[in-house]
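Pasted below: final_34.pdb, PDB, C-alpha atoms.
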ATOM      1  CA  MET A 109      79.443  98.696  63.985  1.00  0.00           C
ATOM      2  CA  ARG A 110      82.402 100.976  64.464  1.00  0.00           C
ATOM      3  CA  THR A 111      84.469 101.093  67.607  1.00  0.00           C
ATOM      4  CA  THR A 112      87.873 102.361  68.647  1.00  0.00           C
ATOM      5  CA  LEU A 113      90.464 100.043  70.147  1.00  0.00           C
ATOM      6  CA  THR A 114      94.000 100.542  71.361  1.00  0.00           C
ATOM      7  CA  ILE A 115      96.096  97.652  70.024  1.00  0.00           C
ATOM      8  CA  ASP A 116      99.745  96.952  70.721  1.00  0.00           C
ATOM      9  CA  SER A 117     101.814  97.999  67.694  1.00  0.00           C
ATOM     10  CA  HIS A 118     103.471  94.566  67.367  1.00  0.00           C
ATOM     11  CA  VAL A 119     100.106  92.787  67.441  1.00  0.00           C
ATOM     12  CA  LEU A 120      98.674  95.193  64.882  1.00  0.00           C
ATOM     13  CA  ALA A 121     101.711  94.717  62.623  1.00  0.00           C
ATOM     14  CA  GLU A 122     101.189  90.927  62.738  1.00  0.00           C
ATOM     15  CA  PHE A 123      97.523  91.323  61.831  1.00  0.00           C
ATOM     16  CA  LYS A 124      98.431  93.657  58.953  1.00  0.00           C
ATOM     17  CA  ARG A 125     101.002  91.149  57.676  1.00  0.00           C
ATOM     18  CA  ARG A 126      98.439  88.334  57.782  1.00  0.00           C
ATOM     19  CA  SER A 127      95.885  90.593  56.141  1.00  0.00           C
ATOM     20  CA  ALA A 128      98.210  91.125  53.194  1.00  0.00           C
ATOM     21  CA  GLU A 129      99.116  87.418  52.997  1.00  0.00           C
ATOM     22  CA  THR A 130      95.534  86.172  53.074  1.00  0.00           C
ATOM     23  CA  HIS A 131      93.940  89.015  51.111  1.00  0.00           C
ATOM     24  CA  GLN A 132      91.415  89.553  53.916  1.00  0.00           C
ATOM     25  CA  THR A 133      90.551  92.874  55.456  1.00  0.00           C
ATOM     26  CA  LEU A 134      92.142  93.809  58.748  1.00  0.00           C
ATOM     27  CA  SER A 135      88.669  94.126  60.277  1.00  0.00           C
ATOM     28  CA  ARG A 136      87.736  90.617  59.147  1.00  0.00           C
ATOM     29  CA  LEU A 137      90.894  89.074  60.621  1.00  0.00           C
ATOM     30  CA  ILE A 138      90.474  90.797  63.981  1.00  0.00           C
ATOM     31  CA  GLU A 139      86.778  89.928  64.105  1.00  0.00           C
ATOM     32  CA  ASP A 140      87.544  86.259  63.342  1.00  0.00           C
ATOM     33  CA  ALA A 141      90.229  86.208  66.048  1.00  0.00           C
ATOM     34  CA  LEU A 142      87.786  87.628  68.575  1.00  0.00           C
ATOM     35  CA  ARG A 143      85.137  85.074  67.612  1.00  0.00           C
ATOM     36  CA  GLU A 144      87.647  82.233  67.967  1.00  0.00           C
ATOM     37  CA  HIS A 145      88.735  83.500  71.371  1.00  0.00           C
ATOM     38  CA  LEU A 146      85.130  83.691  72.586  1.00  0.00           C
ATOM     39  CA  SER A 147      84.381  80.236  71.189  1.00  0.00           C
ATOM     40  CA  ARG A 148      87.355  78.680  73.005  1.00  0.00           C
ATOM     41  CA  GLY A 149      86.096  80.152  76.262  1.00  0.00           C
ATOM     42  CA  ARG A 150      82.653  78.621  75.732  1.00  0.00           C
ATOM     43  CA  ASP A 151      84.157  75.265  74.727  1.00  0.00           C
ATOM     44  CA  ALA A 152      86.385  75.182  77.801  1.00  0.00           C
ATOM     45  CA  ALA A 153      83.441  75.974  80.068  1.00  0.00           C
ATOM     46  CA  ALA A 154      81.354  73.252  78.442  1.00  0.00           C
ATOM     47  CA  THR A 155      84.047  70.600  78.883  1.00  0.00           C
ATOM     48  CA  LYS A 156      84.881  71.135  82.538  1.00  0.00           C
ATOM     49  CA  PRO A 157      85.325  67.768  84.180  1.00  0.00           C
ATOM     50  CA  GLY A 158      82.295  66.536  86.016  1.00  0.00           C
ATOM     51  CA  GLU A 159      82.382  65.773  89.678  1.00  0.00           C
ATOM     52  CA  PHE A 160      82.124  62.127  90.604  1.00  0.00           C
ATOM     53  CA  PRO A 161      80.816  61.092  93.969  1.00  0.00           C
ATOM     54  CA  ILE A 162      83.244  59.429  96.314  1.00  0.00           C
ATOM     55  CA  VAL A 163      81.848  56.265  97.820  1.00  0.00           C
ATOM     56  CA  GLY A 164      83.238  53.849 100.325  1.00  0.00           C
ATOM     57  CA  GLY A 165      85.485  51.103  99.082  1.00  0.00           C
ATOM     58  CA  HIS A 166      88.991  49.779  99.104  1.00  0.00           C
ATOM     59  CA  GLY A 167      90.121  50.251  95.520  1.00  0.00           C
ATOM     60  CA  LEU A 168      90.031  47.581  92.840  1.00  0.00           C
ATOM     61  CA  ALA A 169      88.916  44.077  93.642  1.00  0.00           C
ATOM     62  CA  PRO A 170      91.814  41.602  93.764  1.00  0.00           C
ATOM     63  CA  GLY A 171      92.828  40.331  90.341  1.00  0.00           C
ATOM     64  CA  ILE A 172      91.109  43.131  88.356  1.00  0.00           C
ATOM     65  CA  ASP A 173      93.184  44.534  85.507  1.00  0.00           C
ATOM     66  CA  LEU A 174      91.588  47.659  84.018  1.00  0.00           C
ATOM     67  CA  SER A 175      93.610  47.217  80.826  1.00  0.00           C
ATOM     68  CA  ASN A 176      91.933  43.829  80.194  1.00  0.00           C
ATOM     69  CA  SER A 177      88.406  44.598  78.979  1.00  0.00           C
ATOM     70  CA  SER A 178      87.320  40.984  78.594  1.00  0.00           C
ATOM     71  CA  GLY A 179      88.460  40.120  82.128  1.00  0.00           C
ATOM     72  CA  LEU A 180      86.686  43.178  83.489  1.00  0.00           C
ATOM     73  CA  ALA A 181      83.485  42.259  81.604  1.00  0.00           C
ATOM     74  CA  GLU A 182      83.670  38.737  83.006  1.00  0.00           C
ATOM     75  CA  TYR A 183      84.050  40.101  86.531  1.00  0.00           C
ATOM     76  CA  LEU A 184      81.107  42.483  86.083  1.00  0.00           C
ATOM     77  CA  TYR A 185      78.714  40.288  84.099  1.00  0.00           C
ATOM     78  CA  GLY A 186      79.923  36.722  84.652  1.00  0.00           C
ATOM     79  CA  PRO A 187      81.401  34.302  82.134  1.00  0.00           C
ATOM     80  CA  ASP A 188      80.426  34.735  78.488  1.00  0.00           C
ATOM     81  CA  PRO A 189      77.892  31.982  77.645  1.00  0.00           C
ATOM     82  CA  GLY A 190      79.525  31.653  74.232  1.00  0.00           C
ATOM     83  CA  ASP A 191      82.832  30.616  75.834  1.00  0.00           C
ATOM     84  CA  GLY A 192      81.807  27.278  77.059  1.00  0.00           C
TER      85      GLY A 192
END

Do you think you could lay out the structure here as structure tokens?
Amino acid sequence: MRTTLTIDSHVLAEFKRRSAETHQTLSRLIEDALREHLSRGRDAAATKPGEFPIVGGHGLAPGIDLSNSSGLAEYLYGPDPGDG
């Protein structure tokens, strides 16, 4: 499909330079750039952070260290039966 666009001369010059370097048509490069731009918009929309409910509480329980996965597992699930 043909269309007419007004493109900044500096942007067009950069696309023409890349076209010559990569041996791709100017149309192909611009079309790929537009596809990439649209894809990034969809990806960003799909990865918006979810909302977590806020519930009552007073922070971490005493003695909990979130960087210690085994200690956290023990707090949540009890002692590992294989440990004793």

Could you produce a table of the residues of stretch 131-150 of chain A lying within 9 Å of stretch 115-127 of chain A, with the nearest pair of atoms per residue and their separation in Å rounded to one decimal, using only C-alpha atoms, ordered by chain and increasing residue number, as a Markdown table?
| residue | atom | partner | partner_atom | distance |
| --- | --- | --- | --- | --- |
| A:His131 | CA | A:Ser127 | CA | 5.6 |
| A:Gln132 | CA | A:Ser127 | CA | 5.1 |
| A:Thr133 | CA | A:Ser127 | CA | 5.8 |
| A:Leu134 | CA | A:Ser127 | CA | 5.6 |
| A:Arg136 | CA | A:Ser127 | CA | 8.7 |
| A:Leu137 | CA | A:Ser127 | CA | 6.9 |
| A:Ile138 | CA | A:Phe123 | CA | 7.4 |

For A:Arg110, list every protein, DNA or RNA residue within 12 Å, evaluated using only C-alpha atoms, and leave out those in the same chain fewer than 3 positions away; present the list as a tab-separated table (two decimals) with C-alpha atoms, in the coordinates of the input.
chain	number	residue	atom	x	y	z
A	113	LEU	CA	90.46	100.04	70.15
A	135	SER	CA	88.67	94.13	60.28
A	139	GLU	CA	86.78	89.93	64.10

Just to confirm, what's the straight-line distance from atom CA of A:Thr111 to atom CA of A:Arg143 in Å (one decimal)?
16.0 Å

At what distance in Å, to one decimal, does atom CA of A:Leu174 lie from atom CA of A:Phe160?
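Separation of atom CA of A:Phe160 and atom CA of A:Leu174: 18.5 Å.
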